[in-house]
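Structure file query22.cif (mmCIF, C-alpha atoms and all ligand atoms) follows.
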data_target
#
loop_
_atom_site.group_PDB
_atom_site.id
_atom_site.type_symbol
_atom_site.label_atom_id
_atom_site.label_comp_id
_atom_site.auth_asym_id
_atom_site.auth_seq_id
_atom_site.Cartn_x
_atom_site.Cartn_y
_atom_site.Cartn_z
ATOM 1 C CA MET J 1092 87.858 8.165 -8.544
ATOM 2 C CA LEU J 1093 87.669 5.065 -10.697
ATOM 3 C CA ARG J 1094 84.778 5.044 -13.156
ATOM 4 C CA PRO J 1095 83.281 1.864 -14.606
ATOM 5 C CA ILE J 1096 84.292 1.232 -18.233
ATOM 6 C CA LEU J 1097 81.442 0.474 -20.626
ATOM 7 C CA ILE J 1098 81.699 -2.790 -22.535
ATOM 8 C CA HIS J 1099 80.704 -3.089 -26.206
ATOM 9 C CA PRO J 1100 77.933 -3.379 -27.352
ATOM 10 C CA ASP J 1101 76.518 -0.252 -25.711
ATOM 11 C CA PRO J 1102 74.598 2.557 -27.450
ATOM 12 C CA ARG J 1103 76.754 5.172 -25.666
ATOM 13 C CA LEU J 1104 79.824 3.818 -27.513
ATOM 14 C CA LYS J 1105 78.129 4.480 -30.873
ATOM 15 C CA LYS J 1106 77.336 8.176 -30.341
ATOM 16 C CA LEU J 1107 78.862 11.212 -31.971
ATOM 17 C CA CYS J 1108 80.184 13.039 -28.894
ATOM 18 C CA ASP J 1109 79.570 16.729 -28.169
ATOM 19 C CA PRO J 1110 82.370 19.318 -28.073
ATOM 20 C CA VAL J 1111 83.446 20.547 -24.640
ATOM 21 C CA ALA J 1112 82.317 24.193 -24.437
ATOM 22 C CA GLU J 1113 84.517 25.234 -21.510
ATOM 23 C CA VAL J 1114 87.145 23.689 -19.252
ATOM 24 C CA THR J 1115 85.266 23.642 -15.944
ATOM 25 C CA ASP J 1116 85.975 21.960 -12.593
ATOM 26 C CA GLU J 1117 83.715 19.137 -13.748
ATOM 27 C CA ILE J 1118 85.915 18.626 -16.829
ATOM 28 C CA ARG J 1119 89.096 18.695 -14.706
ATOM 29 C CA ARG J 1120 87.578 16.121 -12.363
ATOM 30 C CA LEU J 1121 86.567 13.953 -15.317
ATOM 31 C CA ALA J 1122 90.150 14.145 -16.686
ATOM 32 C CA ASP J 1123 91.571 13.032 -13.301
ATOM 33 C CA ASP J 1124 89.080 10.166 -13.086
ATOM 34 C CA MET J 1125 89.754 9.065 -16.661
ATOM 35 C CA LEU J 1126 93.534 8.990 -16.111
ATOM 36 C CA GLU J 1127 93.115 7.046 -12.869
ATOM 37 C CA THR J 1128 90.741 4.595 -14.579
ATOM 38 C CA MET J 1129 93.107 4.188 -17.572
ATOM 39 C CA TYR J 1130 96.208 3.501 -15.427
ATOM 40 C CA ASP J 1131 94.220 1.121 -13.234
ATOM 41 C CA ALA J 1132 92.847 -0.923 -16.162
ATOM 42 C CA PRO J 1133 95.713 -0.783 -17.331
ATOM 43 C CA GLY J 1134 95.524 0.825 -20.757
ATOM 44 C CA VAL J 1135 97.378 3.419 -22.862
ATOM 45 C CA GLY J 1136 94.295 5.439 -23.808
ATOM 46 C CA LEU J 1137 90.707 6.115 -22.747
ATOM 47 C CA ALA J 1138 87.967 8.228 -24.316
ATOM 48 C CA ALA J 1139 85.164 9.930 -22.341
ATOM 49 C CA PRO J 1140 82.340 7.864 -23.945
ATOM 50 C CA GLN J 1141 84.006 4.722 -22.544
ATOM 51 C CA VAL J 1142 83.054 5.953 -19.071
ATOM 52 C CA GLY J 1143 79.601 6.983 -20.287
ATOM 53 C CA VAL J 1144 80.295 10.694 -20.867
ATOM 54 C CA THR J 1145 79.571 11.579 -24.503
ATOM 55 C CA LYS J 1146 81.972 14.532 -24.656
ATOM 56 C CA ARG J 1147 84.933 15.080 -26.997
ATOM 57 C CA MET J 1148 87.758 14.348 -24.604
ATOM 58 C CA LEU J 1149 90.422 11.658 -24.263
ATOM 59 C CA VAL J 1150 93.399 10.767 -22.106
ATOM 60 C CA MET J 1151 96.475 8.769 -23.042
ATOM 61 C CA ASP J 1152 99.951 7.752 -21.964
ATOM 62 C CA CYS J 1153 101.874 5.484 -24.295
ATOM 63 C CA ILE J 1154 105.028 5.317 -22.127
ATOM 64 C CA LYS J 1155 105.161 1.700 -20.987
ATOM 65 C CA ASP J 1156 108.480 1.789 -19.108
ATOM 66 C CA GLY J 1157 109.783 5.035 -17.704
ATOM 67 C CA THR J 1158 108.403 8.326 -16.504
ATOM 68 C CA PRO J 1159 104.643 8.536 -17.124
ATOM 69 C CA GLU J 1160 103.505 11.156 -19.625
ATOM 70 C CA PRO J 1161 99.777 11.647 -18.982
ATOM 71 C CA MET J 1162 98.029 13.664 -21.690
ATOM 72 C CA VAL J 1163 94.518 15.137 -21.711
ATOM 73 C CA LEU J 1164 93.134 16.167 -25.114
ATOM 74 C CA ILE J 1165 89.915 18.194 -25.239
ATOM 75 C CA ASN J 1166 88.129 18.634 -28.596
ATOM 76 C CA PRO J 1167 90.981 16.919 -30.496
ATOM 77 C CA GLU J 1168 91.061 17.222 -34.272
ATOM 78 C CA ILE J 1169 93.319 15.449 -36.758
ATOM 79 C CA THR J 1170 94.756 18.156 -39.007
ATOM 80 C CA TRP J 1171 97.077 15.951 -41.080
ATOM 81 C CA GLY J 1172 97.764 12.240 -41.658
ATOM 82 C CA SER J 1173 100.746 10.688 -43.463
ATOM 83 C CA GLU J 1174 100.322 8.584 -46.587
ATOM 84 C CA ASP J 1175 102.606 6.052 -44.930
ATOM 85 C CA LEU J 1176 100.547 3.508 -43.028
ATOM 86 C CA ASN J 1177 101.369 1.474 -39.952
ATOM 87 C CA VAL J 1178 99.823 -1.771 -38.745
ATOM 88 C CA TYR J 1179 99.307 -2.313 -35.040
ATOM 89 C CA GLU J 1180 97.604 -5.097 -33.161
ATOM 90 C CA GLU J 1181 94.967 -3.037 -31.362
ATOM 91 C CA GLY J 1182 92.867 -3.776 -28.343
ATOM 92 C CA CYS J 1183 90.307 -1.702 -26.454
ATOM 93 C CA LEU J 1184 89.326 -1.420 -22.788
ATOM 94 C CA SER J 1185 85.680 -1.611 -23.943
ATOM 95 C CA ILE J 1186 86.383 -4.866 -25.814
ATOM 96 C CA PRO J 1187 88.485 -6.812 -23.284
ATOM 97 C CA ASP J 1188 90.933 -9.514 -24.423
ATOM 98 C CA GLN J 1189 90.216 -9.096 -28.141
ATOM 99 C CA TYR J 1190 92.980 -7.958 -30.488
ATOM 100 C CA ALA J 1191 93.195 -7.396 -34.218
ATOM 101 C CA GLU J 1192 95.508 -5.718 -36.704
ATOM 102 C CA VAL J 1193 94.373 -2.277 -37.858
ATOM 103 C CA LYS J 1194 96.091 -0.169 -40.539
ATOM 104 C CA ARG J 1195 96.240 3.597 -39.954
ATOM 105 C CA PRO J 1196 98.415 6.585 -40.975
ATOM 106 C CA ALA J 1197 101.847 6.205 -39.343
ATOM 107 C CA LEU J 1198 102.009 9.902 -38.437
ATOM 108 C CA VAL J 1199 99.212 12.301 -37.553
ATOM 109 C CA SER J 1200 99.100 15.934 -36.504
ATOM 110 C CA VAL J 1201 96.456 16.716 -33.903
ATOM 111 C CA ARG J 1202 95.172 20.017 -32.560
ATOM 112 C CA TRP J 1203 93.376 20.142 -29.216
ATOM 113 C CA THR J 1204 92.583 22.238 -26.148
ATOM 114 C CA GLY J 1205 94.494 21.480 -22.957
ATOM 115 C CA LEU J 1206 93.233 21.514 -19.368
ATOM 116 C CA ASP J 1207 94.635 25.064 -19.134
ATOM 117 C CA GLY J 1208 92.166 26.079 -21.864
ATOM 118 C CA LYS J 1209 94.976 26.756 -24.353
ATOM 119 C CA ALA J 1210 95.252 25.371 -27.874
ATOM 120 C CA ASP J 1211 98.009 22.835 -28.489
ATOM 121 C CA GLU J 1212 99.228 20.912 -31.529
ATOM 122 C CA ARG J 1213 101.610 18.017 -32.005
ATOM 123 C CA THR J 1214 102.603 15.402 -34.544
ATOM 124 C CA PHE J 1215 102.409 11.912 -33.102
ATOM 125 C CA GLU J 1216 104.193 8.802 -34.315
ATOM 126 C CA GLY J 1217 104.465 5.126 -33.388
ATOM 127 C CA LEU J 1218 102.101 3.843 -30.718
ATOM 128 C CA TRP J 1219 101.099 7.442 -29.869
ATOM 129 C CA ALA J 1220 99.783 7.935 -33.432
ATOM 130 C CA THR J 1221 97.791 4.700 -33.345
ATOM 131 C CA CYS J 1222 96.441 5.445 -29.882
ATOM 132 C CA VAL J 1223 95.310 9.018 -30.607
ATOM 133 C CA GLN J 1224 93.499 7.883 -33.787
ATOM 134 C CA HIS J 1225 91.837 4.985 -31.934
ATOM 135 C CA GLU J 1226 90.651 7.351 -29.173
ATOM 136 C CA ILE J 1227 89.422 10.068 -31.562
ATOM 137 C CA ASP J 1228 87.440 7.339 -33.350
ATOM 138 C CA HIS J 1229 85.663 6.691 -30.016
ATOM 139 C CA LEU J 1230 84.492 10.336 -30.014
ATOM 140 C CA ASN J 1231 82.835 9.648 -33.372
ATOM 141 C CA GLY J 1232 81.168 6.427 -32.205
ATOM 142 C CA LYS J 1233 83.665 4.232 -34.024
ATOM 143 C CA LEU J 1234 85.434 1.179 -32.599
ATOM 144 C CA PHE J 1235 88.534 -0.629 -33.894
ATOM 145 C CA ILE J 1236 86.393 -3.656 -34.774
ATOM 146 C CA ASP J 1237 84.589 -1.451 -37.326
ATOM 147 C CA TYR J 1238 87.763 -1.765 -39.436
ATOM 148 C CA LEU J 1239 87.420 -5.573 -39.527
ATOM 149 C CA GLY J 1240 85.308 -7.716 -41.806
ATOM 150 C CA PRO J 1241 81.678 -8.353 -40.771
ATOM 151 C CA LEU J 1242 82.278 -11.968 -39.696
ATOM 152 C CA LYS J 1243 85.172 -11.134 -37.385
ATOM 153 C CA ARG J 1244 83.244 -8.166 -36.000
ATOM 154 C CA GLN J 1245 80.138 -10.257 -35.290
ATOM 155 C CA MET J 1246 82.226 -12.968 -33.635
ATOM 156 C CA ILE J 1247 83.809 -10.441 -31.268
ATOM 157 C CA THR J 1248 80.446 -8.751 -30.567
ATOM 158 C CA ARG J 1249 78.893 -12.109 -29.646
ATOM 159 C CA LYS J 1250 81.784 -12.839 -27.266
ATOM 160 C CA MET J 1251 81.242 -9.450 -25.612
ATOM 161 C CA GLU J 1252 77.478 -10.056 -25.255
ATOM 162 C CA LYS J 1253 78.278 -13.333 -23.530
ATOM 163 C CA LEU J 1254 80.860 -11.636 -21.276
ATOM 164 C CA LYS J 1255 78.295 -8.999 -20.267
ATOM 165 C CA ARG J 1256 75.693 -11.663 -19.453
ATOM 166 C CA GLU J 1257 78.222 -13.491 -17.295
ATOM 167 C CA ARG J 1258 79.245 -10.295 -15.502
ATOM 168 C CA ALA J 1259 75.596 -9.328 -14.901
ATOM 169 C CA ARG J 1260 74.949 -12.749 -13.369
ATOM 170 C CA SER J 1261 77.998 -12.639 -11.108
ATOM 171 C CA VAL J 1262 76.818 -9.311 -9.655
ATOM 172 C CA ASP J 1263 73.518 -10.920 -8.686
ATOM 173 C CA VAL J 1264 75.046 -13.664 -6.509
HETATM 174 ZN ZN ZN P 1 89.137 1.799 -27.354
#

Would you mind writing the structure in this file as structure tokens?
Amino acid sequence: MLRPILIHPDPRLKKLCDPVAEVTDEIRRLADDMLETMYDAPGVGLAAPQVGVTKRMLVMDCIKDGTPEPMVLINPEITWGSEDLNVYEEGCLSIPDQYAEVKRPALVSVRWTGLDGKADERTFEGLWATCVQHEIDHLNGKLFIDYLGPLKRQMITRKMEKLKRERARSVDV
């Protein structure tokens, strides 16, 4: 089932999300819905707060051409980041059509719980590393525009407020 994606600014995108206590049917359903919503958007990553669920969970698939590699990370934690940094032009499904360069560690190791309830750990690189850091930021109420200067951030926020007003109006007609 597709879930509506929240658009910034929204208080639910600024919250520190709660850990998932147990992998229940509800969590499995949420993971399915999040993957479906991410592929439909389309995007390479989606965090639970973006669909209004303030839980520590994210989905991603950074394979653009080729066999899909859907991943579900529950309670993810960055255990190591490289000193080497990488710059990517990032976007966000909650901030449509806005892109900006963000500098982050080029490699990160992440530990998480899988849908099977088992612990997993992997070192990510390239787009995967950028994506997993961007999504984990969401779980801490942080957006990629928080890395930008205040003027750029305000400009983007104003554009999003305008977009939301326009969308709200078009629903009324
Ligand atoms: Zn995002």

Can you work out which residues are within 12 Å of ligand ZN 1 (chain P), considering only C-alpha atoms and all ligand atoms, and then hand them over as a PyMOL selection string? chain J and resi 1096-1099+1104-1105+1129+1134-1142+1149-1151+1181-1190+1221-1237

Applied to this file, what does the PyMOL selection byres (((chain J and resi 1212-1215) around 6) and not hetatm) return in terms of residues, put as an MDAnalysis selection string? chainID J and resid 1198:1202 1211 1216 1219:1220

Store the residues picked out above, limited to C-alpha atoms, as a PDB file, in the frame of the given file.
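Okay, again36.pdb is ready:
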ATOM      1  CA  LEU J1198     102.009   9.902 -38.437  1.00  0.00           C
ATOM      2  CA  VAL J1199      99.212  12.301 -37.553  1.00  0.00           C
ATOM      3  CA  SER J1200      99.100  15.934 -36.504  1.00  0.00           C
ATOM      4  CA  VAL J1201      96.456  16.716 -33.903  1.00  0.00           C
ATOM      5  CA  ARG J1202      95.172  20.017 -32.560  1.00  0.00           C
ATOM      6  CA  ASP J1211      98.009  22.835 -28.489  1.00  0.00           C
ATOM      7  CA  GLU J1216     104.193   8.802 -34.315  1.00  0.00           C
ATOM      8  CA  TRP J1219     101.099   7.442 -29.869  1.00  0.00           C
ATOM      9  CA  ALA J1220      99.783   7.935 -33.432  1.00  0.00           C
TER      10      ALA J1220
END

Nearest to J:Trp1171 among J:Met1148, J:Asp1156, J:Pro1196, J:Lys1253, with distances taken over all atoms listed in the file: which residue is it?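 Residue with the minimum atom-to-atom distance to J:Trp1171: J:Pro1196.
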
To one decimal place, how far is atom CA of J:Ile1169 from atom CA of J:Pro1110 in Å?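 Taking atom CA of J:Ile1169 and atom CA of J:Pro1110, their separation equals 14.5 Å.
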
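Atom CA of J:Asn1177 is found 27.1 Å from atom CA of J:Met1125.
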
Using all atoms listed in the file, which residues sit within 7 Å of J:Val1178 once same-chain residues fewer than 5 positions away are excluded, as a short mmCIF file (atom, residue, chain, number, x, y, z; two decimals) with C-alpha atoms, in the coordinates of the input?
data_model
loop_
_atom_site.label_atom_id
_atom_site.label_comp_id
_atom_site.auth_asym_id
_atom_site.auth_seq_id
_atom_site.Cartn_x
_atom_site.Cartn_y
_atom_site.Cartn_z
CA GLU J 1192 95.51 -5.72 -36.70
CA VAL J 1193 94.37 -2.28 -37.86
CA LYS J 1194 96.09 -0.17 -40.54
CA ARG J 1195 96.24 3.60 -39.95
#

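Separating atom CA of J:Lys1250 from atom CA of J:Lys1146 is a distance of 27.5 Å.
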
What does the PyMOL selection byres (((chain J and resi 1206) around 7) and not hetatm) select in this file, as a list in words? Val1114, Arg1119, Val1163, Thr1204, Gly1205, Asp1207 and Gly1208 of chain J

Export of prior selection with C-alpha atoms as a PDB file, in the coordinates of the input:
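Output file out-v6.pdb follows:
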ATOM      1  CA  VAL J1114      87.145  23.689 -19.252  1.00  0.00           C
ATOM      2  CA  ARG J1119      89.096  18.695 -14.706  1.00  0.00           C
ATOM      3  CA  VAL J1163      94.518  15.137 -21.711  1.00  0.00           C
ATOM      4  CA  THR J1204      92.583  22.238 -26.148  1.00  0.00           C
ATOM      5  CA  GLY J1205      94.494  21.480 -22.957  1.00  0.00           C
ATOM      6  CA  ASP J1207      94.635  25.064 -19.134  1.00  0.00           C
ATOM      7  CA  GLY J1208      92.166  26.079 -21.864  1.00  0.00           C
TER       8      GLY J1208
END

Around stretch 1201-1219 of chain J, with edges along x, y and z and 4 Å added on all six sides, what centre and edge lengths do you get, in Å to one decimal, as JSON?
{"center_x": 98.3, "center_y": 15.3, "center_z": -26.8, "size_x": 20.3, "size_y": 30.9, "size_z": 23.4}

At a cut-off of 8 Å, using only C-alpha atoms, what residues contact J:Asp1124? Leave out same-chain residues fewer than 6 positions from it and give the result as a PyMOL selection string. chain J and resi 1092-1094

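The shortest atom-to-atom distance to J:Val1111, with only C-alpha atoms taken into account, belongs to J:Trp1203 out of J:Trp1203, J:Asp1123, J:Ala1191, J:Arg1258.
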
Evaluated on this file, the PyMOL selection byres (((chain J and resi 1175) around 6) and not hetatm) picks out some residues - which ones are they, written as a list in words? Ser1173, Glu1174, Leu1176, Pro1196 and Ala1197 of chain J
